[in-house]
Amino acid sequence: MKIRSLILTLASLIPSALSLCADAAVKLPARQDLHLFLLAGQSNMAGRGKVDEEGRKPNPRLFSLDKDGQWQPALAPLHWDKPAAGVGIGKAFAEMIAAQNPGISIGLIPAACGGSPISAWTPGASWAQTKRNPCDDAIARAKRAMQDGTLKGILWHQGESDSTGKDAPEHAKRLEELILRLRTELGAPALPFIIGQLGRFPAKPWDANREAVNAAHQAVAKKMENVRFVSADSPTSIGDNLHFDTPSLRTFAKGYADAYLQITGDSKR
């Protein structure tokens, strides 16, 4: 019995030991020099692009918060919402912002949930596909990251699941409420919020509902302070006419980066 008790005790110490090892392996900069970005929305923010060498190449100035709230090098896939998670927008965006600002590092906060409608991004709401509470989890993860860095913006891509006759007419109102909610909860009333256009693929033309969601994104970006809409020009999909492929995601990331730098007045490209 004594041996079994010892084994159980040692086993209970393993998670703490691994956490300490993870912290030791990642050396963060000073809090003011770690710029944080929350990645939120559904699958195209989580990323479904094919993981390649570039996606797995580490950059000493890029970090990502893992599912256990520990910092790690930012490597694809950043998300774990579904087994299909792959290359997304986050890493390429971070590389561009870091290149523009040599004195900082970037901390990414993955929080997107594949398939989630905007109604799942309300307090207390859950999303069965990923077994998570998207809004509550995103806020909690952002606050965890803010212990080590300074929140600088939110990257948002969502709307495919709201392209229905029932939900599309309400999308602008719900998105505006979401932006206000996140800014309030995170104590940043003017926090930059970047919205990405849904994929428009030739083999699957948009219907009236998809057009309505796209119009809602543009309207909210025009109405609200420090909100921008980013177009996705001639993207290609992974073959499902729904999810952007890896090259398209990296091109899209440049649009997000340019929009953020425009808001901050640091666009020198």
# chains A, B, ... in the order shown; residues from 1 in each chain; ligands from 1
$ select_by_dssp --residues "range 85-229 of chain A" --states "helix (DSSP H, G or I)" --output "ChimeraX atom specification"
/A:90-100,118-120,134-145,160-162,168-185,208-223
$ write_last_selection --atoms "C-alpha atoms" --output "mmCIF file, in the first residue's frame"
data_model
loop_
_atom_site.group_PDB
_atom_site.id
_atom_site.type_symbol
_atom_site.label_atom_id
_atom_site.label_comp_id
_atom_site.auth_asym_id
_atom_site.auth_seq_id
_atom_site.Cartn_x
_atom_site.Cartn_y
_atom_site.Cartn_z
ATOM 1 C CA GLY A 90 -2.673 34.143 -36.324
ATOM 2 C CA LYS A 91 0.963 33.189 -36.878
ATOM 3 C CA ALA A 92 1.404 35.001 -40.194
ATOM 4 C CA PHE A 93 -0.301 38.079 -38.724
ATOM 5 C CA ALA A 94 2.026 37.984 -35.715
ATOM 6 C CA GLU A 95 5.117 37.724 -37.908
ATOM 7 C CA MET A 96 4.086 40.832 -39.846
ATOM 8 C CA ILE A 97 3.351 42.884 -36.732
ATOM 9 C CA ALA A 98 6.616 41.779 -35.114
ATOM 10 C CA ALA A 99 8.571 42.710 -38.244
ATOM 11 C CA GLN A 100 6.998 46.169 -38.156
ATOM 12 C CA ILE A 118 -22.472 34.285 -32.898
ATOM 13 C CA SER A 119 -25.198 33.302 -30.417
ATOM 14 C CA ALA A 120 -22.629 30.953 -28.835
ATOM 15 C CA PRO A 134 -16.742 30.322 -26.416
ATOM 16 C CA CYS A 135 -17.324 33.771 -24.893
ATOM 17 C CA ASP A 136 -16.524 32.877 -21.297
ATOM 18 C CA ASP A 137 -13.449 30.882 -22.308
ATOM 19 C CA ALA A 138 -12.115 33.647 -24.586
ATOM 20 C CA ILE A 139 -12.443 36.250 -21.838
ATOM 21 C CA ALA A 140 -10.848 33.984 -19.239
ATOM 22 C CA ARG A 141 -7.948 33.122 -21.549
ATOM 23 C CA ALA A 142 -7.405 36.767 -22.455
ATOM 24 C CA LYS A 143 -7.296 37.742 -18.783
ATOM 25 C CA ARG A 144 -4.839 34.938 -18.106
ATOM 26 C CA ALA A 145 -2.586 36.190 -20.916
ATOM 27 C CA GLU A 160 -20.723 31.226 -41.965
ATOM 28 C CA SER A 161 -22.966 29.680 -39.306
ATOM 29 C CA ASP A 162 -25.147 32.805 -39.212
ATOM 30 C CA ALA A 168 -28.504 36.954 -40.954
ATOM 31 C CA PRO A 169 -30.915 39.871 -40.291
ATOM 32 C CA GLU A 170 -29.768 39.972 -36.644
ATOM 33 C CA HIS A 171 -26.059 39.642 -37.334
ATOM 34 C CA ALA A 172 -25.063 43.312 -37.254
ATOM 35 C CA LYS A 173 -26.798 43.887 -33.915
ATOM 36 C CA ARG A 174 -25.276 40.749 -32.380
ATOM 37 C CA LEU A 175 -21.787 41.560 -33.646
ATOM 38 C CA GLU A 176 -21.922 45.098 -32.277
ATOM 39 C CA GLU A 177 -23.064 43.741 -28.912
ATOM 40 C CA LEU A 178 -20.219 41.213 -28.958
ATOM 41 C CA ILE A 179 -17.579 43.866 -29.608
ATOM 42 C CA LEU A 180 -18.908 46.055 -26.803
ATOM 43 C CA ARG A 181 -19.077 43.062 -24.449
ATOM 44 C CA LEU A 182 -15.506 41.953 -25.071
ATOM 45 C CA ARG A 183 -14.140 45.472 -24.790
ATOM 46 C CA THR A 184 -16.000 46.008 -21.522
ATOM 47 C CA GLU A 185 -14.981 42.678 -19.994
ATOM 48 C CA ALA A 208 -28.795 36.375 -50.119
ATOM 49 C CA ASN A 209 -28.071 35.389 -46.507
ATOM 50 C CA ARG A 210 -24.320 35.288 -47.015
ATOM 51 C CA GLU A 211 -24.506 38.681 -48.718
ATOM 52 C CA ALA A 212 -26.466 40.019 -45.730
ATOM 53 C CA VAL A 213 -23.824 38.814 -43.250
ATOM 54 C CA ASN A 214 -21.088 40.376 -45.355
ATOM 55 C CA ALA A 215 -23.003 43.665 -45.438
ATOM 56 C CA ALA A 216 -23.424 43.474 -41.659
ATOM 57 C CA HIS A 217 -19.661 43.123 -41.193
ATOM 58 C CA GLN A 218 -18.999 46.165 -43.324
ATOM 59 C CA ALA A 219 -21.708 48.220 -41.610
ATOM 60 C CA VAL A 220 -20.373 47.474 -38.117
ATOM 61 C CA ALA A 221 -16.830 48.343 -39.209
ATOM 62 C CA LYS A 222 -18.010 51.716 -40.529
ATOM 63 C CA LYS A 223 -20.086 52.465 -37.442
#
$ select_by_dssp --residues "range 113-263 of chain A" --states "strand (DSSP E or B)" --output "tab-separated table (two decimals) with N, CA and C atoms, in the first residue's frame"
chain	number	residue	atom	x	y	z
A	127	TRP	N	-21.07	25.58	-26.68
A	127	TRP	CA	-21.08	25.11	-28.07
A	127	TRP	C	-20.72	23.63	-28.05
A	132	ARG	N	-17.20	23.60	-25.41
A	132	ARG	CA	-16.63	24.79	-24.77
A	132	ARG	C	-17.69	25.87	-24.62
A	150	THR	N	0.28	42.86	-22.72
A	150	THR	CA	-0.67	43.95	-22.90
A	150	THR	C	-1.56	43.66	-24.10
A	151	LEU	N	-2.87	43.61	-23.87
A	151	LEU	CA	-3.81	43.29	-24.94
A	151	LEU	C	-3.87	44.43	-25.95
A	152	LYS	N	-3.69	44.08	-27.23
A	152	LYS	CA	-3.62	45.09	-28.27
A	152	LYS	C	-4.72	44.98	-29.31
A	153	GLY	N	-5.37	43.82	-29.42
A	153	GLY	CA	-6.40	43.71	-30.43
A	153	GLY	C	-7.08	42.36	-30.45
A	154	ILE	N	-8.19	42.31	-31.18
A	154	ILE	CA	-8.95	41.07	-31.38
A	154	ILE	C	-9.08	40.82	-32.87
A	155	LEU	N	-8.71	39.63	-33.31
A	155	LEU	CA	-8.91	39.21	-34.70
A	155	LEU	C	-10.12	38.30	-34.73
A	156	TRP	N	-11.09	38.63	-35.56
A	156	TRP	CA	-12.38	37.94	-35.58
A	156	TRP	C	-12.69	37.45	-36.98
A	157	HIS	N	-13.07	36.19	-37.07
A	157	HIS	CA	-13.60	35.66	-38.34
A	157	HIS	C	-14.72	34.70	-38.02
A	193	PHE	N	-10.51	45.95	-33.28
A	193	PHE	CA	-11.26	44.73	-33.58
A	193	PHE	C	-11.29	44.59	-35.09
A	194	ILE	N	-10.68	43.52	-35.61
A	194	ILE	CA	-10.56	43.33	-37.06
A	194	ILE	C	-11.48	42.20	-37.50
A	195	ILE	N	-12.34	42.47	-38.47
A	195	ILE	CA	-13.30	41.50	-38.99
A	195	ILE	C	-12.87	41.06	-40.38
A	196	GLY	N	-12.79	39.76	-40.62
A	196	GLY	CA	-12.41	39.25	-41.93
A	196	GLY	C	-13.61	38.83	-42.76
A	201	PHE	N	-15.93	31.70	-52.82
A	201	PHE	CA	-15.28	30.76	-53.73
A	201	PHE	C	-16.12	30.56	-54.98
A	204	LYS	N	-18.94	28.02	-55.28
A	204	LYS	CA	-20.08	28.11	-54.36
A	204	LYS	C	-20.47	29.57	-54.19
A	227	VAL	N	-12.76	49.67	-35.47
A	227	VAL	CA	-13.17	48.39	-36.05
A	227	VAL	C	-12.90	48.47	-37.54
A	228	ARG	N	-12.32	47.43	-38.10
A	228	ARG	CA	-12.01	47.40	-39.52
A	228	ARG	C	-12.50	46.10	-40.16
A	229	PHE	N	-12.85	46.21	-41.43
A	229	PHE	CA	-13.26	45.06	-42.24
A	229	PHE	C	-12.18	44.77	-43.26
A	230	VAL	N	-11.80	43.51	-43.36
A	230	VAL	CA	-10.73	43.10	-44.27
A	230	VAL	C	-11.30	42.21	-45.37
A	237	SER	N	-9.88	27.52	-51.57
A	237	SER	CA	-10.25	26.73	-50.39
A	237	SER	C	-9.42	25.45	-50.32
A	244	PHE	N	-10.49	28.44	-46.04
A	244	PHE	CA	-9.35	28.97	-46.78
A	244	PHE	C	-8.17	28.00	-46.72
$ residues_around --residues "range 52-59 of chain A" --least-positions-apart "4" --cutoff "7 Å" --atoms "only C-alpha atoms" --output "PyMOL selection string"
chain A and resi 73-76+87
$ write_last_selection --atoms "N, CA and C atoms" --output "mmCIF file, in the first residue's frame"
data_model
loop_
_atom_site.group_PDB
_atom_site.id
_atom_site.type_symbol
_atom_site.label_atom_id
_atom_site.label_comp_id
_atom_site.auth_asym_id
_atom_site.auth_seq_id
_atom_site.Cartn_x
_atom_site.Cartn_y
_atom_site.Cartn_z
ATOM 1 N N PRO A 73 6.053 28.322 -27.858
ATOM 2 C CA PRO A 73 6.353 28.941 -29.150
ATOM 3 C C PRO A 73 5.129 28.848 -30.067
ATOM 4 N N ALA A 74 4.892 29.871 -30.857
ATOM 5 C CA ALA A 74 3.734 29.898 -31.746
ATOM 6 C C ALA A 74 4.009 29.052 -32.986
ATOM 7 N N LEU A 75 3.465 27.853 -33.003
ATOM 8 C CA LEU A 75 3.634 26.917 -34.110
ATOM 9 C C LEU A 75 2.267 26.381 -34.522
ATOM 10 N N ALA A 76 2.076 26.167 -35.811
ATOM 11 C CA ALA A 76 0.806 25.599 -36.295
ATOM 12 C C ALA A 76 0.706 24.118 -35.920
ATOM 13 N N VAL A 87 -3.174 25.349 -40.141
ATOM 14 C CA VAL A 87 -2.676 26.714 -40.289
ATOM 15 C C VAL A 87 -3.854 27.679 -40.281
#
$ closest_residue --among "A:Ile106, A:Ala111, A:Ala257, A:Leu198" --to "Pro235 in chain A" --atoms "only C-alpha atoms"
A:Leu198
$ atom_distance --atom1 "CA of Thr251 in chain A" --atom2 "CA of Ser234 in chain A"
10.1 Å
$ atom_distance --atom1 "CA of Gln72 in chain A" --atom2 "CA of Lys27 in chain A"
9.4 Å
$ atom_distance --atom1 "CA of Asp68 in chain A" --atom2 "CA of Gly187 in chain A"
23.3 Å
